[in-house]
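Note: the block below is structure-v6.cif and it holds mmCIF, C-alpha atoms and all ligand atoms.
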data_coords
#
loop_
_atom_site.group_PDB
_atom_site.id
_atom_site.type_symbol
_atom_site.label_atom_id
_atom_site.label_comp_id
_atom_site.auth_asym_id
_atom_site.auth_seq_id
_atom_site.Cartn_x
_atom_site.Cartn_y
_atom_site.Cartn_z
ATOM 1 C CA MET A 12 8.019 22.310 8.672
ATOM 2 C CA ARG A 13 4.366 22.368 7.611
ATOM 3 C CA PRO A 14 2.734 18.946 7.333
ATOM 4 C CA LEU A 15 2.234 17.285 3.965
ATOM 5 C CA GLU A 16 -1.283 17.469 2.546
ATOM 6 C CA ILE A 17 -2.868 14.386 1.049
ATOM 7 C CA GLU A 18 -5.764 13.959 -1.378
ATOM 8 C CA VAL A 19 -7.247 10.485 -1.769
ATOM 9 C CA PHE A 20 -9.735 9.493 -4.467
ATOM 10 C CA SER A 21 -10.987 6.366 -6.153
ATOM 11 C CA CYS A 22 -10.227 5.485 -9.764
ATOM 12 C CA ARG A 23 -10.574 2.586 -12.206
ATOM 13 C CA SER A 24 -12.746 -0.035 -10.504
ATOM 14 C CA ASP A 25 -11.158 -0.359 -7.074
ATOM 15 C CA ASN A 26 -7.843 1.517 -7.189
ATOM 16 C CA TYR A 27 -7.022 4.373 -4.872
ATOM 17 C CA GLY A 28 -5.342 7.461 -6.252
ATOM 18 C CA VAL A 29 -3.257 9.519 -3.829
ATOM 19 C CA LEU A 30 -1.683 12.936 -4.247
ATOM 20 C CA VAL A 31 0.917 14.199 -1.772
ATOM 21 C CA HIS A 32 1.520 17.927 -1.604
ATOM 22 C CA ASP A 33 4.260 19.842 0.185
ATOM 23 C CA PRO A 34 2.809 23.292 0.967
ATOM 24 C CA GLU A 35 6.312 24.643 1.682
ATOM 25 C CA THR A 36 7.669 24.084 -1.826
ATOM 26 C CA GLY A 37 4.542 23.432 -3.886
ATOM 27 C CA LEU A 38 5.769 19.994 -4.930
ATOM 28 C CA THR A 39 3.002 17.492 -5.659
ATOM 29 C CA ALA A 40 3.511 13.773 -6.218
ATOM 30 C CA SER A 41 0.987 11.294 -7.508
ATOM 31 C CA ILE A 42 1.539 7.929 -5.873
ATOM 32 C CA ASP A 43 1.305 5.749 -8.963
ATOM 33 C CA ALA A 44 -0.790 6.905 -11.906
ATOM 34 C CA PRO A 45 -3.749 4.555 -12.271
ATOM 35 C CA GLU A 46 -5.959 6.788 -14.430
ATOM 36 C CA GLU A 47 -5.407 10.227 -15.939
ATOM 37 C CA GLN A 48 -8.730 12.051 -15.493
ATOM 38 C CA PRO A 49 -9.328 11.371 -11.788
ATOM 39 C CA ILE A 50 -5.739 12.463 -11.073
ATOM 40 C CA LEU A 51 -6.201 15.693 -13.046
ATOM 41 C CA ASP A 52 -9.507 16.308 -11.257
ATOM 42 C CA ALA A 53 -7.975 15.739 -7.826
ATOM 43 C CA ALA A 54 -5.084 18.106 -8.556
ATOM 44 C CA ALA A 55 -7.478 20.754 -9.892
ATOM 45 C CA ARG A 56 -9.741 20.376 -6.837
ATOM 46 C CA ARG A 57 -6.820 21.275 -4.576
ATOM 47 C CA GLY A 58 -5.168 23.747 -6.935
ATOM 48 C CA TRP A 59 -1.979 21.684 -7.056
ATOM 49 C CA LYS A 60 0.395 21.247 -10.027
ATOM 50 C CA LEU A 61 1.858 17.768 -10.434
ATOM 51 C CA THR A 62 5.654 17.637 -10.238
ATOM 52 C CA HIS A 63 6.302 13.919 -9.592
ATOM 53 C CA ILE A 64 4.988 10.417 -9.946
ATOM 54 C CA PHE A 65 6.254 7.871 -7.424
ATOM 55 C CA THR A 66 5.788 4.497 -9.102
ATOM 56 C CA THR A 67 5.540 1.392 -6.928
ATOM 57 C CA HIS A 68 5.383 -1.343 -9.564
ATOM 58 C CA HIS A 69 4.793 -2.004 -13.240
ATOM 59 C CA HIS A 70 1.159 -3.189 -13.336
ATOM 60 C CA THR A 71 -1.027 -1.278 -15.763
ATOM 61 C CA ASP A 72 -3.402 -0.113 -13.052
ATOM 62 C CA HIS A 73 -0.442 1.734 -11.465
ATOM 63 C CA VAL A 74 1.351 3.192 -14.499
ATOM 64 C CA GLU A 75 -1.252 3.700 -17.186
ATOM 65 C CA ALA A 76 -1.312 7.523 -16.926
ATOM 66 C CA ASN A 77 2.481 7.944 -16.622
ATOM 67 C CA LEU A 78 3.119 9.151 -20.167
ATOM 68 C CA ALA A 79 0.013 11.315 -20.459
ATOM 69 C CA LEU A 80 0.796 13.129 -17.209
ATOM 70 C CA LYS A 81 4.441 13.493 -18.127
ATOM 71 C CA GLU A 82 3.430 15.039 -21.419
ATOM 72 C CA LYS A 83 1.143 17.540 -19.674
ATOM 73 C CA PHE A 84 3.333 18.530 -16.737
ATOM 74 C CA GLY A 85 6.892 17.527 -17.637
ATOM 75 C CA LEU A 86 6.983 15.861 -14.242
ATOM 76 C CA GLU A 87 9.647 13.509 -12.913
ATOM 77 C CA ILE A 88 8.855 9.807 -12.527
ATOM 78 C CA ILE A 89 10.693 7.950 -9.778
ATOM 79 C CA GLY A 90 10.307 4.177 -9.600
ATOM 80 C CA PRO A 91 11.720 0.739 -8.839
ATOM 81 C CA VAL A 92 15.176 -0.114 -10.160
ATOM 82 C CA ASN A 93 14.309 -3.820 -10.378
ATOM 83 C CA GLU A 94 11.516 -3.339 -12.888
ATOM 84 C CA ALA A 95 12.730 -0.154 -14.528
ATOM 85 C CA VAL A 96 12.316 -1.498 -18.070
ATOM 86 C CA ALA A 97 8.588 -2.008 -17.493
ATOM 87 C CA ILE A 98 7.788 1.480 -16.158
ATOM 88 C CA PRO A 99 6.735 3.968 -18.873
ATOM 89 C CA GLY A 100 8.538 7.314 -18.744
ATOM 90 C CA LEU A 101 10.723 6.427 -15.771
ATOM 91 C CA ASP A 102 13.325 9.164 -15.060
ATOM 92 C CA ARG A 103 15.000 8.004 -11.895
ATOM 93 C CA THR A 104 15.378 4.568 -10.331
ATOM 94 C CA VAL A 105 15.447 3.829 -6.616
ATOM 95 C CA GLY A 106 16.058 0.640 -4.656
ATOM 96 C CA ASP A 107 16.076 -0.755 -1.159
ATOM 97 C CA GLY A 108 17.230 1.699 1.494
ATOM 98 C CA ASP A 109 17.568 4.631 -0.890
ATOM 99 C CA GLU A 110 16.659 7.998 0.556
ATOM 100 C CA PHE A 111 15.809 11.244 -1.156
ATOM 101 C CA LEU A 112 14.111 14.494 -0.291
ATOM 102 C CA PHE A 113 10.644 15.649 -1.267
ATOM 103 C CA GLY A 114 10.997 19.325 -0.387
ATOM 104 C CA ASP A 115 12.357 19.072 3.160
ATOM 105 C CA HIS A 116 10.647 15.727 3.754
ATOM 106 C CA PRO A 117 12.861 12.645 3.726
ATOM 107 C CA VAL A 118 11.570 9.705 1.672
ATOM 108 C CA ARG A 119 12.860 6.197 2.227
ATOM 109 C CA VAL A 120 12.447 3.311 -0.212
ATOM 110 C CA PHE A 121 11.664 -0.266 0.788
ATOM 111 C CA GLU A 122 11.927 -3.043 -1.756
ATOM 112 C CA THR A 123 9.046 -5.412 -1.067
ATOM 113 C CA PRO A 124 9.177 -8.259 -3.602
ATOM 114 C CA GLY A 125 6.151 -10.558 -3.684
ATOM 115 C CA HIS A 126 3.258 -9.089 -5.666
ATOM 116 C CA THR A 127 5.843 -8.203 -8.310
ATOM 117 C CA ALA A 128 9.569 -8.899 -8.235
ATOM 118 C CA GLY A 129 10.617 -5.260 -7.980
ATOM 119 C CA HIS A 130 7.725 -3.673 -6.035
ATOM 120 C CA ILE A 131 8.749 -0.775 -3.816
ATOM 121 C CA CYS A 132 7.030 1.143 -1.028
ATOM 122 C CA PHE A 133 7.684 4.810 -0.241
ATOM 123 C CA HIS A 134 8.040 5.762 3.413
ATOM 124 C CA PHE A 135 8.072 9.314 4.770
ATOM 125 C CA PRO A 136 9.623 8.672 8.207
ATOM 126 C CA ASP A 137 9.301 12.214 9.586
ATOM 127 C CA ASP A 138 5.651 12.368 8.492
ATOM 128 C CA LYS A 139 4.932 8.783 9.607
ATOM 129 C CA ILE A 140 3.342 7.917 6.279
ATOM 130 C CA LEU A 141 3.796 4.754 4.202
ATOM 131 C CA PHE A 142 2.630 4.254 0.635
ATOM 132 C CA SER A 143 2.345 0.480 0.423
ATOM 133 C CA ALA A 144 0.503 0.091 -2.927
ATOM 134 C CA ASP A 145 -0.110 -3.612 -3.641
ATOM 135 C CA THR A 146 2.179 -5.008 -0.940
ATOM 136 C CA LEU A 147 0.151 -4.269 2.203
ATOM 137 C CA PHE A 148 -3.591 -3.580 2.144
ATOM 138 C CA ALA A 149 -5.968 -2.885 5.000
ATOM 139 C CA LEU A 150 -6.402 -6.415 6.402
ATOM 140 C CA GLY A 151 -4.752 -7.900 3.330
ATOM 141 C CA CYS A 152 -1.679 -8.203 1.154
ATOM 142 C CA GLY A 153 -1.062 -8.335 -2.569
ATOM 143 C CA ARG A 154 -1.443 -11.479 -4.615
ATOM 144 C CA LEU A 155 1.780 -13.340 -5.351
ATOM 145 C CA PHE A 156 2.340 -12.896 -9.067
ATOM 146 C CA GLU A 157 6.108 -12.851 -9.358
ATOM 147 C CA ARG A 158 7.674 -14.083 -6.122
ATOM 148 C CA PRO A 159 7.015 -16.901 -3.658
ATOM 149 C CA ALA A 160 5.207 -16.499 -0.361
ATOM 150 C CA ALA A 161 8.401 -16.524 1.715
ATOM 151 C CA ASP A 162 9.626 -13.409 -0.101
ATOM 152 C CA MET A 163 6.352 -11.597 0.561
ATOM 153 C CA TRP A 164 6.443 -12.575 4.228
ATOM 154 C CA HIS A 165 9.906 -11.003 4.542
ATOM 155 C CA SER A 166 8.761 -7.918 2.646
ATOM 156 C CA LEU A 167 5.840 -7.482 5.041
ATOM 157 C CA GLN A 168 8.161 -7.987 8.009
ATOM 158 C CA LYS A 169 10.294 -5.065 6.790
ATOM 159 C CA LEU A 170 7.240 -2.823 6.900
ATOM 160 C CA ALA A 171 5.947 -4.190 10.192
ATOM 161 C CA VAL A 172 8.858 -2.675 12.128
ATOM 162 C CA LEU A 173 7.644 0.827 11.316
ATOM 163 C CA PRO A 174 6.013 2.717 14.199
ATOM 164 C CA ASP A 175 2.443 1.783 15.115
ATOM 165 C CA GLU A 176 1.385 5.387 14.400
ATOM 166 C CA THR A 177 2.411 5.099 10.739
ATOM 167 C CA ALA A 178 -0.503 5.961 8.413
ATOM 168 C CA ILE A 179 -0.646 3.490 5.523
ATOM 169 C CA TYR A 180 -2.019 4.436 2.097
ATOM 170 C CA PHE A 181 -2.584 1.314 0.023
ATOM 171 C CA GLY A 182 -3.433 0.627 -3.604
ATOM 172 C CA HIS A 183 -6.898 -0.947 -3.645
ATOM 173 C CA GLU A 184 -10.199 -0.877 -1.798
ATOM 174 C CA TYR A 185 -10.487 -4.574 -0.965
ATOM 175 C CA THR A 186 -11.045 -4.009 2.727
ATOM 176 C CA LEU A 187 -14.509 -5.511 3.200
ATOM 177 C CA SER A 188 -13.683 -8.806 1.500
ATOM 178 C CA ASN A 189 -10.344 -8.836 3.328
ATOM 179 C CA ALA A 190 -12.205 -8.431 6.623
ATOM 180 C CA LYS A 191 -14.479 -11.385 5.844
ATOM 181 C CA PHE A 192 -11.490 -13.528 5.027
ATOM 182 C CA ALA A 193 -9.583 -12.401 8.139
ATOM 183 C CA LEU A 194 -12.513 -13.417 10.332
ATOM 184 C CA SER A 195 -12.531 -16.855 8.712
ATOM 185 C CA ILE A 196 -9.067 -17.660 10.043
ATOM 186 C CA ASP A 197 -8.920 -15.458 13.169
ATOM 187 C CA PRO A 198 -12.539 -15.610 14.391
ATOM 188 C CA ASP A 199 -11.877 -14.970 18.085
ATOM 189 C CA ASN A 200 -9.822 -11.795 17.619
ATOM 190 C CA GLU A 201 -11.942 -9.182 19.398
ATOM 191 C CA ARG A 202 -10.124 -6.226 17.841
ATOM 192 C CA LEU A 203 -10.668 -7.743 14.385
ATOM 193 C CA LYS A 204 -14.371 -8.354 15.023
ATOM 194 C CA ALA A 205 -14.873 -4.743 16.083
ATOM 195 C CA ARG A 206 -12.902 -3.513 13.109
ATOM 196 C CA ALA A 207 -14.828 -5.676 10.648
ATOM 197 C CA ALA A 208 -18.086 -4.172 11.930
ATOM 198 C CA GLU A 209 -16.688 -0.644 11.496
ATOM 199 C CA ILE A 210 -15.567 -1.470 7.956
ATOM 200 C CA GLU A 211 -18.943 -2.864 7.025
ATOM 201 C CA ALA A 212 -20.660 0.301 8.246
ATOM 202 C CA LYS A 213 -18.192 2.498 6.363
ATOM 203 C CA ARG A 214 -18.532 0.635 3.094
ATOM 204 C CA GLU A 215 -22.314 0.677 3.309
ATOM 205 C CA LYS A 216 -22.051 4.476 3.348
ATOM 206 C CA GLY A 217 -19.539 4.357 0.482
ATOM 207 C CA GLU A 218 -16.745 5.742 2.702
ATOM 208 C CA PHE A 219 -13.059 5.012 2.107
ATOM 209 C CA THR A 220 -11.147 2.709 4.441
ATOM 210 C CA ILE A 221 -7.850 4.409 3.579
ATOM 211 C CA PRO A 222 -5.568 5.194 5.368
ATOM 212 C CA THR A 223 -5.046 2.473 7.923
ATOM 213 C CA MET A 224 -2.519 2.470 10.771
ATOM 214 C CA MET A 225 0.395 0.069 11.271
ATOM 215 C CA GLY A 226 -0.512 -0.687 14.895
ATOM 216 C CA LEU A 227 -4.031 -1.676 13.894
ATOM 217 C CA GLU A 228 -2.768 -3.835 11.030
ATOM 218 C CA LYS A 229 -0.405 -5.684 13.339
ATOM 219 C CA GLU A 230 -3.333 -6.497 15.638
ATOM 220 C CA THR A 231 -5.816 -7.528 12.954
ATOM 221 C CA ASN A 232 -4.233 -8.274 9.543
ATOM 222 C CA PRO A 233 -3.749 -12.062 9.283
ATOM 223 C CA PHE A 234 -0.932 -11.613 6.752
ATOM 224 C CA LEU A 235 1.163 -9.935 9.465
ATOM 225 C CA ARG A 236 0.132 -12.476 12.087
ATOM 226 C CA ALA A 237 1.574 -15.802 10.930
ATOM 227 C CA ALA A 238 3.310 -16.102 14.321
ATOM 228 C CA ASP A 239 0.057 -15.705 16.259
ATOM 229 C CA PRO A 240 -0.711 -18.827 18.371
ATOM 230 C CA ALA A 241 -4.496 -18.662 17.853
ATOM 231 C CA ILE A 242 -4.173 -18.433 14.064
ATOM 232 C CA ARG A 243 -1.661 -21.292 14.046
ATOM 233 C CA ARG A 244 -4.024 -23.390 16.145
ATOM 234 C CA ASN A 245 -6.933 -22.650 13.804
ATOM 235 C CA LEU A 246 -4.831 -23.726 10.823
ATOM 236 C CA VAL A 247 -3.407 -26.742 12.678
ATOM 237 C CA MET A 248 0.079 -25.445 11.862
ATOM 238 C CA GLU A 249 1.573 -25.043 15.343
ATOM 239 C CA GLY A 250 4.920 -26.603 14.421
ATOM 240 C CA LYS A 251 5.408 -24.776 11.118
ATOM 241 C CA THR A 252 7.571 -21.784 10.198
ATOM 242 C CA ASN A 253 6.111 -18.294 9.825
ATOM 243 C CA GLU A 254 6.765 -18.504 6.092
ATOM 244 C CA GLU A 255 4.763 -21.737 5.840
ATOM 245 C CA VAL A 256 1.869 -20.332 7.845
ATOM 246 C CA PHE A 257 1.879 -17.160 5.760
ATOM 247 C CA ALA A 258 1.904 -19.214 2.528
ATOM 248 C CA GLU A 259 -1.118 -21.189 3.741
ATOM 249 C CA ILE A 260 -3.016 -17.994 4.636
ATOM 250 C CA ARG A 261 -2.242 -16.499 1.221
ATOM 251 C CA LYS A 262 -3.347 -19.702 -0.527
ATOM 252 C CA ARG A 263 -6.627 -19.742 1.402
ATOM 253 C CA LYS A 264 -7.275 -16.128 0.472
ATOM 254 C CA ASP A 265 -6.718 -16.926 -3.205
ATOM 255 C CA ASN A 266 -9.482 -19.516 -2.950
ATOM 256 C CA PHE A 267 -11.776 -17.605 -0.584
HETATM 257 ZN ZN ZN B 301 -0.463 -4.629 -8.835
HETATM 258 FE FE FE B 302 -2.954 -2.864 -8.386
#
Translate the structure described by the file into structure tokens.
Amino acid sequence: MRPLEIEVFSCRSDNYGVLVHDPETGLTASIDAPEEQPILDAAARRGWKLTHIFTTHHHTDHVEANLALKEKFGLEIIGPVNEAVAIPGLDRTVGDGDEFLFGDHPVRVFETPGHTAGHICFHFPDDKILFSADTLFALGCGRLFERPAADMWHSLQKLAVLPDETAIYFGHEYTLSNAKFALSIDPDNERLKARAAEIEAKREKGEFTIPTMMGLEKETNPFLRAADPAIRRNLVMEGKTNEEVFAEIRKRKDNF
């Protein structure tokens, strides 16, 4: 089986667009559809024809180009069963634990409520790739618009059991500000300090910070580290539950 090919590009103000191409079958999926022209340009650059959109959640900056691309390509849109009514052009709904094939590549769906109530992530287990959209960012997590912090903590825990070598493609370039926030609550984490310096250098050169790796996130992303003794000490929350610590970290980020 030949490996999947991936094209990453920026669109809107800080969204990432991602195309996934299976060279075996010619299938090409856009992970979400934030903006039509950059997606068309990316596909043209690689000589790929869009066959699918995998929708993660209903926010405009993830679905705006759904109908235009469907019109052009007659592609199939696969998205979250729990917010199906809000996804333009949706053809097929998927929910937690569902599996389907993209060519010969298995795809597994995780429901990750928090940012929105029905948000899903697409995992390609054989390829060790996760499309986490607005649930898990490099050094961050999505804002809680539709579900409480405890739900988001459990959603993130579902993803955190994936192998450390899983490449994570996320929805927004927020990494530099996430790094600054992470340092504010986990200042003695050597791995985080080194990573923050790397990120700063990258962003100065205008380079992308996508993809990240699950192992690295578990070592440095405060939103996955509510159980960490040093973070708990810094927050003076030693006796609290992981959910409570996570909620406090999320609240601090909202006000950072
Ligand atoms: Zn969103
Ligand atoms: Fe978004």
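The neighbours of region 248-265 of chain A here are the residues that come within 8 Å of it, using all atoms listed in the file and leaving out any residue fewer than 3 positions away in the same chain; they are Arg154, Ala160, Ala161, Trp164, Phe192, Pro233, Phe234, Ala237, Ala238, Pro240, Arg243, Arg244 and Asn245 of chain A.
Proximity of A:Thr231, A:Asn93, A:Asn189, A:Asn26 to Ala205 (chain A), computed with only C-alpha atoms, is greatest for A:Thr231.
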Inset, instruction - Identify the residues around (-0.7, 15.8, -16.5) within a radius of 9 Å, measuring from only C-alpha atoms in the coordinates stated by the file, and give them as a PyMOL selection string. - result: chain A and resi 47-48+50-51+60-61+76-86
Inset, instruction - Kindly provide, as a PyMOL selection string, all nucleotide and amino acid residues lying within 10 Å of ligand ZN 301 (chain B), counting only C-alpha atoms and all ligand atoms. - result: chain A and resi 26+67-74+126-127+130+144-146+153-156+182-183
Inset, instruction - Between CA of Asn232 (chain A) and CA of Ile140 (chain A), measure the distance and give it in Å to one decimal. - result: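 Rounded to one decimal, the two atoms are 18.2 Å apart.
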Output as JSON the centre and edge lengths (Å, one decimal) of the box along x, y and z of the file that holds every listed atom of region 75-82 of chain A after adding 5 Å on each side.
{"center_x": 1.6, "center_y": 9.4, "center_z": -19.0, "size_x": 15.8, "size_y": 21.3, "size_z": 14.8}
Inset, instruction - Measuring atom to atom with only C-alpha atoms and all ligand atoms, identify which of A:Val120, A:Met224, A:Cys152, A:Ala212 is nearest to ligand FE 302 (chain B). - result: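 So, comparing all the options, the nearest one is A:Cys152.
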Legend entry - Who sits within 10 Å of Lys229 (chain A), all atoms listed in the file, same chain under 4 positions skipped, as a PyMOL selection string: chain A and resi 150+171-172+175+224-225+233-236
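Among the candidate residues A:Glu122, A:Ser143, A:Ser166, A:Ala54, the one lying nearest to Glu94 (chain A) is A:Glu122, with distances computed using only C-alpha atoms.
Atom pair CA of Pro222 (chain A) / CA of Gly58 (chain A): separated by 22.3 Å.
Relative to CA of Leu170 (chain A), CA of Phe148 (chain A) is found at 11.9 Å.
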Legend entry - Given all atoms listed in the file as the counted atoms, nearest of A:Phe267, A:Phe111, A:Tyr185, A:Phe142 to Ile17 (chain A):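 Among A:Phe267, A:Phe111, A:Tyr185, A:Phe142, it is A:Phe142 that comes nearest to Ile17 (chain A).
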Inset, instruction - Rank nothing, just name the residue among A:Glu35, A:Glu176, A:Glu75, A:Asp115 nearest to ligand FE 302 (chain B), using all atoms listed in the file. - result: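 Among the listed residues, the smallest separation from ligand FE 302 (chain B) belongs to A:Glu75.
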Legend entry - Residues within 12 Å of (13.9, 3.6, -14.8), file coords, only C-alpha atoms, listed as an MDAnalysis selection string: chainID A and resid 65:69 87:106 129
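Once the PyMOL selection byres (((chain A and resi 114) around 12) and not hetatm) is applied to this file, the selection holds Met12, Arg13, Pro14, Leu15, Val31, His32, Asp33, Pro34, Glu35, Thr36, Gly37, Leu38, Thr39, Ala40, Thr62, His63, Phe111, Leu112, Phe113, Asp115, His116, Pro117, Val118 and Phe135 of chain A.
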Legend entry - Best match for closeness to ligand FE 302 (chain B) among A:Glu18, A:Glu46, A:Asp197, A:Asp239, counting all atoms listed in the file: A:Glu46
Inset, instruction - Find the residues around Thr177 (chain A) up to 9 Å (all atoms listed in the file counted), leave out those fewer than 3 positions away in its own chain, and share them as number ranges by chain. - result: A: 136, 138-141, 173-174, 223-226
Legend entry - Surrounding residues of Ala190 (chain A) excluding itself and chain neighbours under 3 positions, 10 Å, all atoms listed in the file, as a PyMOL selection string: chain A and resi 149-151+185-187+193-195+203-204+206-208+210-211+231-233
Write the selection just made, keeping C-alpha atoms, as an mmCIF file, keeping the file's coordinate frame?
data_model
loop_
_atom_site.group_PDB
_atom_site.id
_atom_site.type_symbol
_atom_site.label_atom_id
_atom_site.label_comp_id
_atom_site.auth_asym_id
_atom_site.auth_seq_id
_atom_site.Cartn_x
_atom_site.Cartn_y
_atom_site.Cartn_z
ATOM 1 C CA ALA A 149 -5.968 -2.885 5.000
ATOM 2 C CA LEU A 150 -6.402 -6.415 6.402
ATOM 3 C CA GLY A 151 -4.752 -7.900 3.330
ATOM 4 C CA TYR A 185 -10.487 -4.574 -0.965
ATOM 5 C CA THR A 186 -11.045 -4.009 2.727
ATOM 6 C CA LEU A 187 -14.509 -5.511 3.200
ATOM 7 C CA ALA A 193 -9.583 -12.401 8.139
ATOM 8 C CA LEU A 194 -12.513 -13.417 10.332
ATOM 9 C CA SER A 195 -12.531 -16.855 8.712
ATOM 10 C CA LEU A 203 -10.668 -7.743 14.385
ATOM 11 C CA LYS A 204 -14.371 -8.354 15.023
ATOM 12 C CA ARG A 206 -12.902 -3.513 13.109
ATOM 13 C CA ALA A 207 -14.828 -5.676 10.648
ATOM 14 C CA ALA A 208 -18.086 -4.172 11.930
ATOM 15 C CA ILE A 210 -15.567 -1.470 7.956
ATOM 16 C CA GLU A 211 -18.943 -2.864 7.025
ATOM 17 C CA THR A 231 -5.816 -7.528 12.954
ATOM 18 C CA ASN A 232 -4.233 -8.274 9.543
ATOM 19 C CA PRO A 233 -3.749 -12.062 9.283
#
